[in-house]
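Below is one structure, written out as structure tokens; the observations come after it.
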Amino acid sequence: MVNILRMKIAQQAILDIKHKVEAAGFKMSDLSRVAEINQAQISRWQNGITEPLYSTVVRLDEAANALVSARMTMLNKAMEEAVK
């Protein structure tokens, strides 16, 4: 029971990260590249085939945050150029 609950929590965390990445206009392949994690492994976690370590979920979230930050920086520069 505890293992099932842990896996569901990990799946939800990865789904939340996926939504964050896609909302910023990126794909999961971009996330896997930045996090240096095989995309097939991320898919296995999403589908509940295997369970990621907590530190790996944190690594994915940090990579997602880096992608979002890069997108925001790009958008801010574009807005500054448009205002000039």
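Following the order of the structure tokens, first chain is A, next is B, and so on, with residues numbered from 1 inside each chain and ligands from 1 in the order they appear.
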
Practice problem: Using only C-alpha atoms, determine which residues lie at most 12 Å from Val58 (chain A), disregarding the query and same-chain residues fewer than 3 positions distant; provide the list as a list in words. | Solution: Ala10, Ala13, Ile14, Ile17, Ala35, Pro52, Leu53, Tyr54, Ser55, Asp61, Glu62, Ala63, Ala64 and Asn65 of chain A

Exercise. If you run DSSP over the backbone, which residues in chain A end up alpha helix (DSSP H)? Put them as a PyMOL selection string.
Key: chain A and resi 2-23+28-35+39-46+54-83

Quiz item: Nearest to Leu31 (chain A) among A:His19, A:Arg44, A:Lys8, A:Lys77, with distances taken over only C-alpha atoms: which residue is it?
Solution: A:His19

Exercise. Quick one: pull the distance between CA of Thr50 (chain A) and CA of Ser69 (chain A), Å, one decimal.
Key: 29.2 Å

Quiz item: Can you tell me, as an MDAnalysis selection string, what residues are no more than 12 Å from Lys18 (chain A) when counting only C-alpha atoms, ignoring any on the same chain fewer than 2 positions away?
Solution: chainID A and resid 11:16 20:32 42:43 45:46 57 60:61 63:65 67:68

Write a file of the selected residues as a PDB file, in the first residue's frame, keeping C-alpha atoms.
```pdb
ATOM      1  CA  GLN A  11       3.568  10.123 -11.014  1.00  0.00           C
ATOM      2  CA  GLN A  12       1.611  13.226  -9.992  1.00  0.00           C
ATOM      3  CA  ALA A  13       4.819  15.190  -9.420  1.00  0.00           C
ATOM      4  CA  ILE A  14       6.080  14.242 -12.882  1.00  0.00           C
ATOM      5  CA  LEU A  15       2.707  15.137 -14.412  1.00  0.00           C
ATOM      6  CA  ASP A  16       2.877  18.556 -12.710  1.00  0.00           C
ATOM      7  CA  LYS A  20       4.927  23.296 -16.331  1.00  0.00           C
ATOM      8  CA  VAL A  21       7.291  22.425 -19.183  1.00  0.00           C
ATOM      9  CA  GLU A  22       4.548  22.276 -21.814  1.00  0.00           C
ATOM     10  CA  ALA A  23       2.973  25.543 -20.602  1.00  0.00           C
ATOM     11  CA  ALA A  24       6.333  27.193 -21.281  1.00  0.00           C
ATOM     12  CA  GLY A  25       6.290  25.820 -24.825  1.00  0.00           C
ATOM     13  CA  PHE A  26       8.763  22.990 -24.366  1.00  0.00           C
ATOM     14  CA  LYS A  27       8.509  19.246 -24.870  1.00  0.00           C
ATOM     15  CA  MET A  28       9.417  16.443 -22.518  1.00  0.00           C
ATOM     16  CA  SER A  29      12.373  15.707 -24.773  1.00  0.00           C
ATOM     17  CA  ASP A  30      13.693  19.187 -23.926  1.00  0.00           C
ATOM     18  CA  LEU A  31      13.283  18.418 -20.240  1.00  0.00           C
ATOM     19  CA  SER A  32      15.039  15.076 -20.531  1.00  0.00           C
ATOM     20  CA  ILE A  42      10.813   9.483 -17.701  1.00  0.00           C
ATOM     21  CA  SER A  43       8.066   7.728 -19.661  1.00  0.00           C
ATOM     22  CA  TRP A  45       7.968   6.856 -14.383  1.00  0.00           C
ATOM     23  CA  GLN A  46       4.941   8.591 -15.893  1.00  0.00           C
ATOM     24  CA  VAL A  57      12.106  14.223  -9.200  1.00  0.00           C
ATOM     25  CA  LEU A  60      13.473  17.115 -13.111  1.00  0.00           C
ATOM     26  CA  ASP A  61      11.777  20.019 -11.359  1.00  0.00           C
ATOM     27  CA  ALA A  63      15.464  21.368 -15.056  1.00  0.00           C
ATOM     28  CA  ALA A  64      11.851  22.424 -15.690  1.00  0.00           C
ATOM     29  CA  ASN A  65      12.429  25.620 -13.731  1.00  0.00           C
ATOM     30  CA  LEU A  67      13.561  25.918 -19.012  1.00  0.00           C
ATOM     31  CA  VAL A  68      10.797  28.206 -17.768  1.00  0.00           C
TER      32      VAL A  68
END
```
